[in-house]
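**Student:** Provided herewith: entry-v9.cif, mmCIF, C-alpha atoms and all ligand atoms.
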```cif
data_query
loop_
_atom_site.label_atom_id
_atom_site.label_comp_id
_atom_site.auth_asym_id
_atom_site.auth_seq_id
_atom_site.Cartn_x
_atom_site.Cartn_y
_atom_site.Cartn_z
CA MET A 1 -6.47 30.89 -0.14
CA THR A 2 -7.26 32.57 3.20
CA ASN A 3 -9.35 35.72 2.93
CA ILE A 4 -8.72 38.40 5.53
CA ALA A 5 -10.37 41.79 6.19
CA VAL A 6 -8.79 45.01 7.40
CA PHE A 7 -10.71 47.50 9.52
CA ALA A 8 -9.37 51.06 9.41
CA SER A 9 -10.31 54.55 10.60
CA GLY A 10 -7.77 56.93 9.09
CA THR A 11 -4.61 57.14 7.03
CA GLY A 12 -4.43 53.40 6.41
CA SER A 13 -0.68 52.97 5.90
CA ASN A 14 -0.80 49.61 7.73
CA ALA A 15 -3.81 48.53 5.67
CA VAL A 16 -1.95 49.46 2.46
CA ASN A 17 1.15 47.58 3.67
CA LEU A 18 -0.92 44.42 4.31
CA VAL A 19 -2.52 44.60 0.86
CA LYS A 20 0.86 45.13 -0.84
CA THR A 21 2.42 42.29 1.16
CA PHE A 22 -0.28 39.72 0.54
CA ASN A 23 -2.32 40.50 -2.57
CA SER A 24 0.22 39.53 -5.18
CA GLY A 25 0.60 35.79 -5.27
CA SER A 26 0.45 34.81 -1.59
CA ARG A 27 -1.97 32.34 -0.01
CA ILE A 28 -3.41 35.16 2.10
CA HIS A 29 -5.66 37.73 0.43
CA VAL A 30 -6.97 41.03 1.79
CA ALA A 31 -10.48 40.67 0.35
CA LEU A 32 -12.30 43.43 2.21
CA CYS A 33 -11.76 46.72 4.04
CA LEU A 34 -14.36 48.02 6.48
CA VAL A 35 -14.25 51.61 7.68
CA ASP A 36 -16.18 53.53 10.34
CA ARG A 37 -15.81 57.03 8.87
CA GLU A 38 -16.56 58.69 5.55
CA ASN A 39 -14.00 60.69 3.57
CA ILE A 40 -10.89 59.19 5.15
CA PRO A 41 -7.70 58.63 3.09
CA VAL A 42 -7.75 54.83 3.45
CA ILE A 43 -10.93 54.59 1.29
CA GLU A 44 -9.24 56.06 -1.78
CA LYS A 45 -6.05 54.03 -1.18
CA MET A 46 -8.03 50.76 -1.05
CA ARG A 47 -9.94 51.74 -4.19
CA GLU A 48 -6.64 52.25 -6.02
CA LEU A 49 -5.46 48.83 -4.84
CA GLY A 50 -8.71 47.18 -5.95
CA VAL A 51 -9.85 46.15 -2.46
CA GLU A 52 -13.60 46.31 -1.87
CA THR A 53 -14.25 48.89 0.87
CA ILE A 54 -17.49 49.33 2.79
CA TYR A 55 -18.40 52.13 5.17
CA PHE A 56 -20.54 51.32 8.20
CA PRO A 57 -21.56 54.29 10.41
CA ARG A 58 -20.60 54.08 14.08
CA SER A 59 -24.24 53.31 14.99
CA VAL A 60 -24.03 50.04 13.02
CA TRP A 61 -20.75 49.05 14.71
CA LYS A 62 -22.39 49.70 18.06
CA GLU A 63 -25.92 48.38 17.59
CA ASN A 64 -25.96 45.98 14.65
CA PRO A 65 -22.86 43.75 14.69
CA GLN A 66 -24.86 41.09 12.79
CA ALA A 67 -24.81 43.34 9.70
CA ILE A 68 -20.99 43.43 9.90
CA LEU A 69 -20.82 39.65 10.45
CA GLU A 70 -23.04 39.06 7.42
CA VAL A 71 -20.67 41.02 5.15
CA LEU A 72 -17.68 39.14 6.61
CA ARG A 73 -19.45 35.83 5.94
CA GLN A 74 -20.27 36.84 2.37
CA HIS A 75 -16.56 37.47 1.73
CA ASP A 76 -15.52 34.24 3.50
CA ILE A 77 -13.30 36.22 5.89
CA LYS A 78 -11.18 34.01 8.15
CA LEU A 79 -9.22 36.69 10.02
CA ILE A 80 -9.63 40.40 10.79
CA ALA A 81 -6.74 42.87 11.08
CA LEU A 82 -7.45 46.13 12.93
CA ALA A 83 -5.13 48.60 11.22
CA GLY A 84 -5.64 51.84 13.12
CA PHE A 85 -9.31 51.12 13.77
CA LEU A 86 -10.79 53.30 16.48
CA SER A 87 -14.37 52.01 16.96
CA PHE A 88 -15.24 49.54 19.66
CA ILE A 89 -15.54 45.95 18.37
CA GLN A 90 -18.81 44.42 19.58
CA GLU A 91 -18.74 41.25 21.67
CA ASP A 92 -20.72 39.33 19.00
CA ILE A 93 -17.93 39.92 16.47
CA ILE A 94 -15.20 39.03 19.00
CA ASN A 95 -17.04 35.80 19.83
CA ALA A 96 -17.64 34.92 16.17
CA TYR A 97 -13.94 35.49 15.39
CA ASN A 98 -12.55 34.20 18.68
CA GLY A 99 -8.73 34.45 18.51
CA ARG A 100 -8.90 35.60 14.89
CA ILE A 101 -8.96 39.40 15.32
CA LEU A 102 -5.54 41.06 15.45
CA ASN A 103 -4.94 44.64 16.54
CA ILE A 104 -1.79 46.67 16.02
CA HIS A 105 -0.89 49.09 18.80
CA PRO A 106 1.96 51.64 18.73
CA SER A 107 3.58 50.83 22.10
CA LEU A 108 5.16 47.98 24.02
CA LEU A 109 1.94 46.66 25.53
CA PRO A 110 0.85 46.42 28.30
CA ALA A 111 2.57 49.85 28.63
CA TYR A 112 0.66 52.77 27.14
CA GLY A 113 -2.45 50.76 26.29
CA GLY A 114 -6.12 51.09 27.23
CA LYS A 115 -8.83 53.67 26.75
CA GLY A 116 -7.76 56.88 25.01
CA MET A 117 -4.35 55.45 24.07
CA HIS A 118 -4.14 55.48 20.29
CA GLY A 119 -1.92 56.87 17.53
CA GLY A 120 -0.30 60.22 18.38
CA ASN A 121 -1.55 60.17 21.99
CA VAL A 122 0.64 57.13 22.71
CA HIS A 123 3.82 58.68 21.25
CA LYS A 124 3.18 61.96 23.09
CA ALA A 125 2.80 60.09 26.40
CA VAL A 126 5.98 58.05 25.77
CA ILE A 127 8.06 61.20 25.03
CA GLU A 128 6.62 63.07 28.02
CA ALA A 129 7.46 60.14 30.29
CA GLY A 130 11.10 60.25 29.07
CA GLU A 131 11.11 56.59 27.99
CA SER A 132 14.28 55.27 26.34
CA LYS A 133 12.42 52.68 24.34
CA SER A 134 9.03 52.18 22.75
CA GLY A 135 7.79 49.89 19.99
CA ALA A 136 4.79 48.20 18.48
CA THR A 137 2.67 45.22 19.44
CA VAL A 138 0.26 42.99 17.56
CA HIS A 139 -2.14 41.23 19.88
CA ILE A 140 -5.31 39.17 19.74
CA VAL A 141 -8.43 41.22 20.43
CA THR A 142 -10.47 40.27 23.49
CA ASN A 143 -13.21 42.13 25.35
CA ASP A 144 -10.56 44.01 27.38
CA ILE A 145 -8.99 46.88 25.47
CA ASP A 146 -5.35 46.26 24.38
CA ALA A 147 -5.08 43.34 26.82
CA GLY A 148 -5.32 40.21 24.62
CA PRO A 149 -2.44 37.73 24.12
CA ILE A 150 0.57 39.22 22.34
CA VAL A 151 1.41 37.69 18.94
CA VAL A 152 4.46 39.77 17.95
CA GLN A 153 6.15 42.73 19.67
CA ARG A 154 9.21 44.74 18.59
CA GLU A 155 11.16 47.61 20.21
CA VAL A 156 12.48 50.91 18.87
CA SER A 157 14.81 53.17 20.80
CA VAL A 158 13.62 56.65 21.83
CA LEU A 159 16.34 59.30 21.46
CA PRO A 160 16.43 62.55 23.50
CA GLU A 161 15.81 64.59 20.33
CA ASP A 162 12.74 62.51 19.31
CA THR A 163 9.37 64.22 18.96
CA PRO A 164 5.98 62.41 18.91
CA GLU A 165 6.09 62.70 15.10
CA SER A 166 9.62 61.27 14.67
CA LEU A 167 8.82 58.47 17.11
CA GLU A 168 5.62 57.71 15.20
CA ALA A 169 7.59 57.40 11.96
CA LYS A 170 10.04 54.95 13.60
CA VAL A 171 7.24 52.89 15.12
CA HIS A 172 5.42 52.79 11.77
CA GLN A 173 8.47 51.18 10.15
CA VAL A 174 8.41 48.42 12.78
CA GLU A 175 4.64 48.01 12.37
CA TYR A 176 5.06 47.35 8.65
CA GLN A 177 7.28 44.37 9.60
CA ILE A 178 5.41 42.86 12.51
CA PHE A 179 1.81 43.13 11.29
CA PRO A 180 2.30 40.83 8.25
CA GLU A 181 4.40 38.51 10.47
CA ALA A 182 1.57 38.26 13.00
CA VAL A 183 -1.02 37.65 10.27
CA ILE A 184 1.05 34.81 8.78
CA LYS A 185 1.63 33.33 12.24
CA THR A 186 -2.08 33.42 13.11
CA VAL A 187 -3.27 32.12 9.73
CA ALA A 188 -0.86 29.18 10.14
CA THR A 189 -2.69 28.18 13.31
CA LEU A 190 -6.05 28.29 11.50
CA THR A 191 -5.11 26.01 8.60
CA PRO A 192 -4.28 22.47 9.69
CA PRO A 193 -1.48 20.83 7.67
CA PRO A 194 -2.79 18.48 4.96
CA ALA A 195 -3.25 14.90 6.19
CA PRO A 196 -0.58 12.50 4.91
CA LYS A 197 -1.78 10.54 1.90
CA SER A 198 -2.65 6.87 2.40
CA VAL A 199 -0.92 4.26 0.24
CA ASP A 200 -4.27 3.68 -1.51
CA ASP A 201 -4.64 7.39 -2.30
CA ALA A 202 -1.08 7.59 -3.62
CA TRP A 203 -1.63 4.59 -5.91
CA ALA A 204 -4.99 5.89 -7.09
CA GLU A 205 -3.25 9.19 -7.96
CA VAL A 206 -0.46 7.40 -9.87
CA LEU A 207 -3.02 5.32 -11.79
CA GLY A 208 -5.29 8.34 -12.36
CA VAL A 209 -8.37 6.61 -10.93
CA PRO A 210 -10.63 7.54 -7.98
CA ASN A 211 -9.91 5.76 -4.69
CA ASN A 212 -13.21 4.21 -3.61
CA VAL A 213 -11.75 2.06 -0.84
CA PRO A 214 -13.15 3.21 2.52
CA PRO A 215 -10.39 4.06 5.05
CA VAL A 216 -9.75 1.54 7.83
CA PRO A 217 -10.95 3.01 11.15
CA GLN A 218 -8.05 3.75 13.55
CA ASN A 219 -9.50 1.53 16.28
CA PHE A 220 -10.37 -1.35 13.94
CA THR A 221 -9.38 -4.65 15.55
CA GLY A 222 -11.66 -7.15 13.75
CA SER A 223 -10.58 -9.69 11.16
CA VAL A 224 -10.87 -9.33 7.42
CA PRO A 225 -14.44 -10.05 6.27
CA PRO A 226 -14.97 -13.21 4.22
CA THR A 227 -14.43 -13.05 0.49
CA GLY A 228 -16.90 -10.79 -1.27
CA SER A 229 -18.72 -9.82 1.92
CA THR A 230 -18.96 -6.46 3.69
CA SER A 231 -18.15 -6.10 7.38
CA PRO A 232 -20.23 -3.99 9.82
CA THR A 233 -17.51 -1.29 9.56
CA GLY A 234 -18.08 -1.04 5.80
CA LEU A 235 -14.91 -2.87 4.70
CA THR A 236 -15.31 -5.04 1.64
CA ASN A 237 -12.89 -7.85 0.84
CA PRO A 238 -13.38 -8.93 -2.78
CA THR A 239 -10.40 -11.33 -2.92
CA GLY A 240 -10.00 -12.82 0.53
CA LEU A 241 -6.36 -11.65 0.54
CA THR A 242 -4.91 -9.87 3.57
CA ASN A 243 -1.96 -7.52 3.83
CA PRO A 244 -0.79 -7.32 7.45
CA THR A 245 2.12 -4.98 6.57
CA SER A 246 -0.02 -2.32 4.89
CA PRO A 247 0.17 0.98 6.84
CA ILE A 248 -3.60 1.46 6.42
CA SER A 249 -4.52 -1.83 8.07
CA PRO A 250 -2.11 -2.25 10.98
CA ALA A 251 -4.63 -4.05 13.15
CA ILE A 252 -5.77 -6.67 10.62
CA PRO A 253 -4.31 -10.09 11.51
CA ALA A 254 -3.26 -12.37 8.62
CA ASP A 255 -5.35 -15.56 8.35
CA PRO A 256 -3.25 -18.77 8.26
CA MET A 257 -2.69 -19.92 4.67
CA PRO A 258 -5.13 -22.76 3.80
CA PRO A 259 -3.21 -26.03 2.98
CA THR A 260 -5.04 -26.27 -0.38
CA TYR A 261 -3.05 -23.20 -1.54
CA LEU A 262 0.18 -25.20 -1.16
CA VAL A 263 -1.22 -28.33 -2.83
CA TRP A 264 -2.39 -26.30 -5.79
CA SER A 265 0.94 -24.50 -6.15
CA VAL A 266 2.74 -27.86 -6.25
CA ILE A 267 0.26 -29.32 -8.76
CA MET A 268 0.53 -26.26 -10.99
CA THR A 269 4.33 -26.29 -10.89
CA ILE A 270 4.33 -29.99 -11.86
CA LEU A 271 1.78 -29.53 -14.64
CA CYS A 272 3.26 -26.36 -16.10
CA CYS A 273 6.99 -27.06 -15.81
CA THR A 274 7.99 -30.49 -14.54
CA ILE A 275 5.87 -32.75 -16.81
CA PRO A 276 6.72 -30.84 -20.04
CA GLY A 277 10.38 -31.02 -18.92
CA ILE A 278 10.28 -34.79 -18.30
CA VAL A 279 8.44 -35.37 -21.58
CA ALA A 280 11.07 -33.30 -23.39
CA ILE A 281 13.97 -35.29 -21.82
CA ILE A 282 12.38 -38.72 -22.56
CA TYR A 283 11.57 -37.86 -26.16
CA SER A 284 14.91 -36.21 -26.90
CA ALA A 285 16.62 -39.45 -25.67
CA LYS A 286 14.25 -41.44 -27.91
CA VAL A 287 14.84 -39.16 -30.91
CA SER A 288 18.65 -39.40 -30.65
CA SER A 289 18.80 -43.18 -29.91
CA LYS A 290 16.58 -44.00 -32.93
CA TYR A 291 18.65 -41.63 -35.06
CA TYR A 292 21.97 -43.33 -34.10
CA GLN A 293 20.39 -46.77 -34.69
CA GLY A 294 19.70 -45.63 -38.24
CA ASP A 295 15.90 -45.55 -37.72
CA PHE A 296 15.48 -42.09 -39.21
CA GLU A 297 11.73 -42.48 -39.71
CA GLY A 298 11.27 -43.57 -36.01
CA SER A 299 13.43 -40.61 -34.90
CA ARG A 300 11.23 -38.17 -36.88
CA ARG A 301 8.02 -39.67 -35.41
CA ALA A 302 9.46 -39.46 -31.87
CA SER A 303 10.31 -35.83 -32.50
CA GLN A 304 6.71 -35.10 -33.67
CA ASN A 305 5.26 -36.97 -30.62
CA ALA A 306 7.57 -35.00 -28.33
CA GLU A 307 6.19 -31.72 -29.69
CA ILE A 308 2.57 -32.90 -29.25
CA TRP A 309 3.04 -34.17 -25.67
CA ILE A 310 5.01 -31.16 -24.52
CA ILE A 311 2.26 -28.87 -25.86
CA ILE A 312 -0.52 -31.03 -24.29
CA SER A 313 1.09 -31.10 -20.84
CA PHE A 314 1.81 -27.36 -21.00
CA VAL A 315 -1.80 -26.58 -22.01
CA LEU A 316 -3.04 -28.76 -19.12
CA GLY A 317 -0.83 -26.77 -16.73
CA VAL A 318 -2.12 -23.45 -18.04
CA LEU A 319 -5.74 -24.66 -17.90
CA SER A 320 -5.37 -25.77 -14.29
CA SER A 321 -3.95 -22.34 -13.31
CA THR A 322 -6.79 -20.62 -15.15
CA LEU A 323 -9.37 -22.79 -13.41
CA TYR A 324 -7.83 -22.11 -10.01
CA LEU A 325 -9.08 -18.51 -9.67
CA PRO A 326 -12.83 -19.13 -10.39
CA LEU A 327 -12.77 -22.25 -8.21
CA THR A 328 -11.22 -20.25 -5.34
CA LEU A 329 -13.73 -17.43 -5.75
CA ALA A 330 -16.57 -19.98 -5.79
CA GLY A 331 -15.34 -21.06 -2.38
CA LEU A 332 -14.41 -24.59 -3.53
CA PHE A 333 -10.80 -24.27 -2.31
C1 LIG B 1 -0.87 52.82 13.86
O1 LIG B 1 0.30 53.35 14.37
C2 LIG B 1 -1.47 51.86 14.85
O2 LIG B 1 -0.52 51.23 15.64
C3 LIG B 1 -2.34 52.76 15.67
O3 LIG B 1 -2.88 53.66 14.73
C4 LIG B 1 -1.94 53.87 13.71
C5 LIG B 1 -2.65 53.80 12.40
O4 LIG B 1 -1.81 54.21 11.38
N1 LIG B 1 -3.34 52.02 16.33
C6 LIG B 1 -3.80 52.35 17.56
O5 LIG B 1 -3.39 53.31 18.14
C7 LIG B 1 -4.85 51.40 18.12
N2 LIG B 1 -5.01 51.66 19.51
P1 LIG B 1 -2.17 53.88 9.88
O6 LIG B 1 -3.60 54.34 9.64
O7 LIG B 1 -1.20 54.67 9.06
O8 LIG B 1 -2.04 52.44 9.69
#
```
Mind converting the file's structure to C-alpha cells?
Ligand code: GAR
**Tutor:**
Amino acid sequence: MTNIAVFASGTGSNAVNLVKTFNSGSRIHVALCLVDRENIPVIEKMRELGVETIYFPRSVWKENPQAILEVLRQHDIKLIALAGFLSFIQEDIINAYNGRILNIHPSLLPAYGGKGMHGGNVHKAVIEAGESKSGATVHIVTNDIDAGPIVVQREVSVLPEDTPESLEAKVHQVEYQIFPEAVIKTVATLTPPPAPKSVDDAWAEVLGVPNNVPPVPQNFTGSVPPTGSTSPTGLTNPTGLTNPTSPISPAIPADPMPPTYLVWSVIMTILCCTIPGIVAIIYSAKVSSKYYQGDFEGSRRASQNAEIWIIISFVLGVLSSTLYLPLTLAGLF
C-alpha cells in the first residue's frame, strides 16, 4: 500500500476525485489531507469520505515546514498531490519529497503558468487571449513555480461561446482523468518491481520451510568450500556436492569426480544386484538338476540355501551402501 496526501485550499473537487478513485481497494491510499485555510468546503468533503484532514495556518507553511514534514512522516506519506493548493511549498518539503510532489494546473503549461496564475484567473486569461485550445497539466513540483517536469498533459478545445466558467468546467473534467493517471505513473516509479525469486526461495515456499541458505554473491568466483566448512563469503557446503547448472551459483566450477566414487558405485552394483543374481541362477540350476535326477531332498535343500545366500548377498549390498555415506562424510573416501 502506498499512502499519499492531498493538499487543498478550496472546493476540493480534485481531492475528492483522488479519494474516490483510490480509496476503495487500490494499492494507493489517500491517507491525509492538509489544508491552509479554515472553513473551506474541502474539509467537510474529506470528513464525509473518512480522510483525516489537518489545518495548518499559512504561518506554519511559511516558517515551520518541519511541523508539516513530521505529520507526513507519521502517516507514512510517499507522495503529495497538490489539488488546488495555493500556499507556497517550502524548499525543505520539496527537498524531502524530491520528485514526489505533483501539482495540477488548469492550462497547457508552460503557457499561463507562474505567479498569480491559478483557477479562474487562468481561464479568464485564456478566453481574453482568444486561444482555440487550453487544457490541464500535472507536473512535478520544483522550486520554480509551475515549471517542473510535466507528467501528464491533456488538451480541451476553446469555443468562441466559451466563458471562463464553461472553460473551467471542461478543464475540470480533463483534470479528473489526468490527475489519477499521473499519480499512478509516479507511484510506479517509486516502487521497484519485486525481485525474481531464487530457486531456493521457490523450493522453500513449496516445502513450507524457511530458506536459510545465504544468497551467492553476484561476483563470487571462488570454489565450493570443503565439506562441512564455511567459506569467507559465508557459504556453507554440508555435503561437498556442487551444482554448476544452478542459476544461483553460475560462477561455481564443478570439482572433478573423485575416482573412489566410481569404484564404490561398481562395488555397490555388484553387491546389491549382480551377486544375488548369480547366486539365484546357480542355485536354480542346482534345484532343477537335483529334482530331475530324482533327488527331491537335495533339491529342497538347494532351494533353502539359495534363499539364504540371496538374502545374505543382498544384505551385504545394502550394508555397504549404508556405510558409504558416513564414510564419505568422515572424509575417508
Ligand atoms: C483546479 O482547476 C486546479 O487545476 C487549479 O485549482 C483548481 C482547484 O479546483 N490549480 C491551480 O490553479 C494551481 N495553480 P478543485 O478545488 O475543485 O480541485
**Student:** Could you tell me how far atom CA of A:Glu165 sits from atom CA of A:Leu102, in Å to one decimal place?
**Tutor:** 24.6 Å
**Student:** Using only C-alpha atoms and all ligand atoms, which residues have at least one atom no more than 6 Å from ligand LIG 1 (chain B)? Output them as a list in words.
**Tutor:**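 Final answer, ordered by chain and number: Gly10, Thr11, Gly12, Ser13, Asn14, Ala15, Ala83, Gly84, Ile104, His105, Pro106, Met117, His118, Gly119 and His172 of chain A.
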**Student:** Provide the atom CA of A:Ser299 to atom CA of A:Cys273 distance in Å, to one decimal place.
**Tutor:** 24.3 Å
**Student:** Check the smallest atom-to-atom distance from each of A:Val16, A:Ile145, A:Ala330, A:Ile281 to A:Gly113 using all atoms listed in the file, then report the winner.
**Tutor:**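 The shortest atom-to-atom distance to A:Gly113 comes from A:Ile145.
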**Student:** Provide the atom CA of A:Leu72 to atom CA of A:Ile89 distance in Å, to one decimal place.
**Tutor:**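 Interatomic distance, atom CA of A:Leu72 to atom CA of A:Ile89: 13.8 Å.
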**Student:** I need the residue nearest A:Asn23 from this list: A:Asn212, A:Arg154, A:Tyr176, A:Asn3. Use all atoms listed in the file for the distance.
**Tutor:** A:Asn3
**Student:** Choose the residue, out of A:Gly148, A:Gly130, A:Pro57, A:Gly298, that has the smallest atom-to-atom separation from A:Gly114; count all atoms listed in the file.
**Tutor:**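 Once distances to A:Gly114 are computed over all atoms listed in the file, the minimum belongs to A:Gly148.
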**Student:** Just the residues within 12 Å of A:Arg100, please, counting all atoms listed in the file, with nothing from its chain fewer than 2 positions along; format it as a PyMOL selection string.
**Tutor:** chain A and resi 3-5+77-82+93-98+102-103+139-142+148-149+151+182-190
**Student:** Between A:Glu128, A:Asp92, A:Asp201, A:Ile28, which has the minimum distance to A:Glu70 (counting all atoms listed in the file)?
**Tutor:**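 Ranked by minimum distance to A:Glu70, first place goes to A:Asp92.
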**Student:** Which polymer residues have any atom within 9 Å of an atom of A:Leu34, counting all atoms listed in the file, with same-chain residues fewer than 5 positions away left out, as a list in words?
**Tutor:**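 So the residues in contact are Ala5, Val6, Phe7, Ala8, Ser9, Glu52, Thr53, Ile54, Tyr55, Phe56 and Ile68 of chain A.
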**Student:** Around the point (1.7, 52.8, 20.4) (coordinates from the file), which residues reach within 10 Å if we count all atoms listed in the file? Answer as a ChimeraX atom specification.
**Tutor:** /A:104-109,111-113,117-126,134-137,167-168,171-172,175
**Student:** Using all atoms listed in the file, which of the listed residues (A:Gln177, A:Ser24, A:Ser320, A:Gln90) sits closest to A:Met268?
**Tutor:** A:Ser320
**Student:** Return the padded bounding box of stretch 128-140 of chain A as lines of an AutoDock Vina configuration file: axis-aligned, built from all atoms listed in the file, 4 Å added on each side, with centre and edge lengths in Å to one decimal.
**Tutor:**
```
center_x = 4.5
center_y = 51.1
center_z = 23.9
size_x = 27.6
size_y = 31.9
size_z = 20.7
```
**Student:** Which residue, A:Ala202, A:Ala67, A:Leu319, A:Val156, has the smallest gap to A:Val174 when you use all atoms listed in the file?
**Tutor:**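 So, comparing all the options, the nearest one is A:Val156.
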